[in-house]
Amino acid sequence: MSDTIFSANEWLRYSRHIQLSSFGADGQIKLKQSRVLMIGSGGLGAPVSLYLAAAGVGHITLVDDDDVDLSNLQRQIIFSVEDIGKSKVFSAKKRLLGLNPEIEIDAINQYFSIELALKLGDNFDLVIDCTDNFSTRYLINDYCLKNRLPWIYASIHQYSGQCALFVPTNKHADNNESNACFRCVFPDAPEDAQDCNSAGVIGVLPGMLGLFQANEALKLLSGLPTPLKNHLMLFDAKHLTLQKITLKASTGCLCQKATINLEQSTAPQVTCASTTADNSLTPDRFNLRRDDDNTAVIDVRSISEHQGFHIGGTHIPLDQLGERADELSPTVTHLCYCQSGKRSEKAVKLLLEKGFKAENLDGGLANWLKHAKDNNQI
Amino acid sequence: MNSDNASEDNASINILYFASLAESLGCECESFNLACEKVSVADLKQQLAARGEQWQRLINAPSTRCAVNQSLAEDEQVLASNDEVAFFPPVTGG
């Protein structure tokens, strides 16, 4: 009994895979012997890690330095209310081992930096990109080129997502295969990408893209066809359209070079914080300022947002602010707020141009609420 | 010669815009007439950019990519009648 690869419990647990045509015991053994590096434990990481763990991928390494926030729970379904404020990777590890105690999980509570990439080495069969920024994706690309590891990219924005499988070309192979890398597709980083939380995303989208990644991962690890190799999938959740763009290696790209030097991998930091100007207020400063006699608060969001939730003040939507400026007092300082701080920044600019005094709640209501939550004020 | 067919005076292509491009340009797809022969992706981008500041900024952004008939295309690729041209931006969230 003890000389088998699987225990009785595992054989029962994975019976639907073992009975699956072209997967079978062979595929399940391959999954058990696989080592997967997952970078990012957020929107994409949640569904990917849940399905990989459930499927029986033997060893999963999770990398993320973030903590769970209440606003994550709209889409990061691996976490619970009890996890708020705690490390994402440690919370995820607990949940994944609860789902499948037969596998091993390494939780690394760090940002994926060049140093960490060098330390992690190449002892993986697959890397899955579940990050939320371009700079880390370039680093993942270079790390995978250097170590010749396949990796699965996905990213999401509002109702749209992209997904691709990149397999570094084996330069020692006899065939003339030349596979595209991430830099071949996107040699230039977006200049003004609406990163992170600022643009919003429909909650099911990371689930859908994450499951495309998990599907491709399980097939790659178990030896099934992986048609996403050298293709970029463009998915639109609003119109339910899906396009597969054929990719090819770009001449002059980093992936065509003989050696990859990871220490020189360009990974400029992308931060989510909006720029802080002289007239921007932190939540604490906003709370102090609003109690002053010579200030008035303006909510510049839409009517439905104001009806949905507000923290007081006069409601004037940004698109009406110009024509309704005569309603405002010219003597007080107007403290403007919106959801993320972007519209209110425009409102402040407009009011200053019209000769009013105005200041902006930096990071908007979202930041104010997070701050209040962290300080047990709500 | 097929192209000398008199009824085929205007070759048209189909253009698709993805993700934030569709949103910002207010256009998801359109039929576009190639005014002359040997119009390249670069020529097409120039014509689209002439539509206004927003078009100029987004279509000419270095990070905006183009695919012709579902294959990633460079600026020098020449378009043919009935080609499907897709413009898509990088998407960054996760």
# chains A, B, ... in the order shown; residues from 1 in each chain; ligands from 1
$ closest_atom_pairs --of "chain A" --to "chain B" --cutoff "8 Å" --atoms "only C-alpha atoms" --output "CSV"
residue,atom,partner,partner_atom,distance
A:Gly42,CA,B:Gly94,CA,6.9
A:Gly43,CA,B:Gly94,CA,5.7
A:Leu44,CA,B:Gly94,CA,5.7
A:Cys130,CA,B:Gly94,CA,6.0
A:Thr131,CA,B:Gly94,CA,5.4
A:Asp132,CA,B:Gly94,CA,4.1
A:Asn133,CA,B:Thr92,CA,5.3
A:Phe134,CA,B:Thr92,CA,6.0
A:Ala154,CA,B:Gly94,CA,7.4
A:Ser155,CA,B:Gly94,CA,5.2
A:Ile156,CA,B:Gly93,CA,4.8
A:His157,CA,B:Gly93,CA,5.6
A:Tyr159,CA,B:Ala19,CA,7.5
A:Ser160,CA,B:Ala19,CA,5.5
A:Gly161,CA,B:Val91,CA,7.0
A:Gln162,CA,B:Val91,CA,7.0
A:Val185,CA,B:Arg65,CA,7.8
A:Phe186,CA,B:Ser63,CA,6.4
A:Pro187,CA,B:Ser63,CA,7.3
A:Asp188,CA,B:Ser63,CA,5.0
A:Ala189,CA,B:Ser63,CA,5.9
A:Pro190,CA,B:Ser63,CA,5.3
A:Glu191,CA,B:Ser63,CA,7.9
A:Ala193,CA,B:Thr92,CA,7.0
A:Gln194,CA,B:Thr92,CA,7.7
A:Asp195,CA,B:Gly93,CA,6.0
A:Cys196,CA,B:Gly93,CA,5.6
A:Pro206,CA,B:Gly94,CA,6.8
A:Leu234,CA,B:Phe18,CA,8.0
A:Asp236,CA,B:Ala19,CA,7.4
A:Gln243,CA,B:Gln70,CA,7.5
A:Lys244,CA,B:Gln70,CA,6.5
A:Ile245,CA,B:Gln70,CA,4.5
A:Thr246,CA,B:Ser71,CA,4.4
A:Leu247,CA,B:Leu72,CA,5.6
A:Lys248,CA,B:Leu72,CA,7.4
$ write_last_selection --atoms "N, CA and C atoms" --output "compact mmCIF listing (two decimals), in the first residue's frame"
# COMPACT_ATOMS: atom_id res chain seq x y z
N GLY A 42 -3.76 38.71 -5.39
CA GLY A 42 -4.92 39.60 -5.36
C GLY A 42 -6.06 39.05 -6.19
N GLY A 43 -6.60 39.91 -7.08
CA GLY A 43 -7.77 39.54 -7.86
C GLY A 43 -7.56 38.32 -8.74
N LEU A 44 -6.43 38.27 -9.46
CA LEU A 44 -6.13 37.11 -10.31
C LEU A 44 -5.60 35.96 -9.47
N CYS A 130 0.18 37.27 -11.59
CA CYS A 130 -1.09 37.76 -11.05
C CYS A 130 -0.89 39.13 -10.44
N THR A 131 0.05 39.90 -11.02
CA THR A 131 0.38 41.21 -10.47
C THR A 131 -0.57 42.28 -11.01
N ASP A 132 -0.41 43.50 -10.54
CA ASP A 132 -1.30 44.57 -10.98
C ASP A 132 -0.53 45.73 -11.60
N ASN A 133 0.70 45.48 -12.04
CA ASN A 133 1.45 46.59 -12.63
C ASN A 133 2.43 46.10 -13.67
N PHE A 134 2.80 47.01 -14.58
CA PHE A 134 3.64 46.65 -15.72
C PHE A 134 5.10 46.42 -15.35
N ALA A 154 -1.64 37.64 -17.32
CA ALA A 154 -3.02 38.12 -17.47
C ALA A 154 -3.10 39.49 -16.83
N SER A 155 -3.98 40.33 -17.35
CA SER A 155 -4.22 41.62 -16.72
C SER A 155 -5.65 42.04 -17.03
N ILE A 156 -6.16 42.92 -16.18
CA ILE A 156 -7.58 43.29 -16.27
C ILE A 156 -7.76 44.80 -16.12
N HIS A 157 -8.83 45.32 -16.72
CA HIS A 157 -9.15 46.74 -16.62
C HIS A 157 -10.64 46.89 -16.86
N TYR A 159 -13.84 46.20 -17.76
CA TYR A 159 -14.56 45.02 -18.26
C TYR A 159 -13.70 44.20 -19.22
N SER A 160 -12.41 44.57 -19.39
CA SER A 160 -11.57 43.91 -20.38
C SER A 160 -10.39 43.21 -19.74
N GLY A 161 -9.95 42.17 -20.39
CA GLY A 161 -8.78 41.46 -19.88
C GLY A 161 -7.94 40.91 -21.01
N GLN A 162 -6.68 40.60 -20.69
CA GLN A 162 -5.76 40.00 -21.64
C GLN A 162 -5.09 38.81 -20.98
N VAL A 185 5.57 41.93 -27.38
CA VAL A 185 4.21 42.44 -27.54
C VAL A 185 4.10 43.88 -27.05
N PHE A 186 4.66 44.12 -25.88
CA PHE A 186 4.57 45.45 -25.28
C PHE A 186 5.98 45.99 -24.98
N PRO A 187 6.69 46.46 -26.03
CA PRO A 187 8.02 47.00 -25.77
C PRO A 187 7.99 48.30 -24.98
N ASP A 188 6.84 49.01 -25.04
CA ASP A 188 6.73 50.28 -24.33
C ASP A 188 5.67 50.19 -23.24
N ALA A 189 6.05 50.60 -22.04
CA ALA A 189 5.09 50.62 -20.93
C ALA A 189 4.11 51.77 -21.15
N PRO A 190 2.87 51.59 -20.74
CA PRO A 190 1.92 52.70 -20.88
C PRO A 190 2.35 53.88 -20.01
N GLU A 191 2.16 55.08 -20.55
CA GLU A 191 2.60 56.27 -19.81
C GLU A 191 1.63 56.65 -18.69
N ALA A 193 -1.14 54.80 -17.51
CA ALA A 193 -2.06 53.69 -17.24
C ALA A 193 -2.82 53.96 -15.95
N GLN A 194 -4.11 53.66 -16.02
CA GLN A 194 -4.92 53.80 -14.81
C GLN A 194 -4.66 52.56 -13.97
N ASP A 195 -3.61 52.62 -13.15
CA ASP A 195 -3.18 51.46 -12.42
C ASP A 195 -4.10 51.14 -11.25
N CYS A 196 -3.89 49.97 -10.77
CA CYS A 196 -4.38 49.56 -9.45
C CYS A 196 -5.85 49.83 -9.28
N PRO A 206 -11.53 39.38 -12.80
CA PRO A 206 -10.33 38.64 -12.41
C PRO A 206 -10.61 37.15 -12.26
N LEU A 234 -7.60 38.58 -26.13
CA LEU A 234 -8.25 39.82 -25.69
C LEU A 234 -9.69 39.46 -25.36
N ASP A 236 -13.48 40.60 -23.63
CA ASP A 236 -14.35 41.70 -23.22
C ASP A 236 -15.57 41.10 -22.51
N GLN A 243 -10.86 37.49 -28.66
CA GLN A 243 -10.01 37.44 -29.86
C GLN A 243 -8.65 36.90 -29.49
N LYS A 244 -8.09 36.08 -30.36
CA LYS A 244 -6.74 35.57 -30.13
C LYS A 244 -5.81 36.17 -31.18
N ILE A 245 -4.86 36.96 -30.73
CA ILE A 245 -3.90 37.60 -31.63
C ILE A 245 -2.64 36.73 -31.69
N THR A 246 -2.23 36.39 -32.90
CA THR A 246 -1.01 35.60 -33.05
C THR A 246 0.22 36.50 -32.84
N LEU A 247 1.15 36.02 -32.03
CA LEU A 247 2.35 36.81 -31.73
C LEU A 247 3.56 36.18 -32.39
N LYS A 248 4.56 37.00 -32.64
CA LYS A 248 5.84 36.42 -33.08
C LYS A 248 6.98 37.20 -32.45
$ residues_around --residues "Arg57 in chain B" --least-positions-apart "4" --cutoff "12 Å" --atoms "only C-alpha atoms" --output "PyMOL selection string"
(chain A and resi 191-192) or (chain B and resi 21+24-25+45-46+48-53+61-64)
$ select_by_dssp --residues "range 279-311 of chain A" --states "strand (DSSP E)" --output "PyMOL selection string"
chain A and resi 280-281+295-299
$ select_by_dssp --residues "chain B" --states "helix (DSSP H, G or I)" --output "JSON, numbers by chain"
{"B": [2, 3, 4, 19, 20, 21, 22, 23, 24, 25, 41, 42, 43, 44, 45, 46, 47, 48, 49, 53, 54, 55, 56, 57, 58, 59]}
$ atom_distance --atom1 "CA of Pro47 in chain A" --atom2 "CA of Ile152 in chain A"
14.1 Å
$ residues_around --residues "Gln77 in chain B" --least-positions-apart "2" --cutoff "6 Å" --atoms "only C-alpha atoms" --output "short mmCIF file (atom, residue, chain, number, x, y, z; two decimals) with N, CA and C atoms, in the first residue's frame"
data_model
loop_
_atom_site.label_atom_id
_atom_site.label_comp_id
_atom_site.auth_asym_id
_atom_site.auth_seq_id
_atom_site.Cartn_x
_atom_site.Cartn_y
_atom_site.Cartn_z
N SER B 40 -0.40 51.60 -45.53
CA SER B 40 0.24 50.82 -44.46
C SER B 40 -0.45 51.10 -43.14
N VAL B 41 -0.10 50.33 -42.13
CA VAL B 41 -0.62 50.57 -40.78
C VAL B 41 -0.25 52.00 -40.34
N GLU B 74 3.32 45.37 -37.45
CA GLU B 74 4.16 46.56 -37.31
C GLU B 74 3.66 47.64 -38.26
N ASP B 75 4.17 48.86 -38.07
CA ASP B 75 3.69 50.02 -38.83
C ASP B 75 3.82 49.88 -40.35
#
$ closest_residue --among "A:Ser91, A:Ser49, A:Asn230, A:Thr259" --to "Gln213 in chain A" --atoms "only C-alpha atoms"
A:Ser49
$ residues_around --residues "Leu211 in chain A" --least-positions-apart "2" --cutoff "8 Å" --atoms "only C-alpha atoms" --output "PyMOL selection string"
chain A and resi 47-48+51+207-209+213-215
$ residues_around --residues "Leu50 in chain A" --least-positions-apart "5" --cutoff "8 Å" --atoms "only C-alpha atoms" --output "ChimeraX atom specification"
/A:78,96,99
$ residues_around --residues "Ser81 in chain B" --least-positions-apart "2" --cutoff "6 Å" --atoms "only C-alpha atoms" --output "PyMOL selection string"
chain B and resi 11-13+83
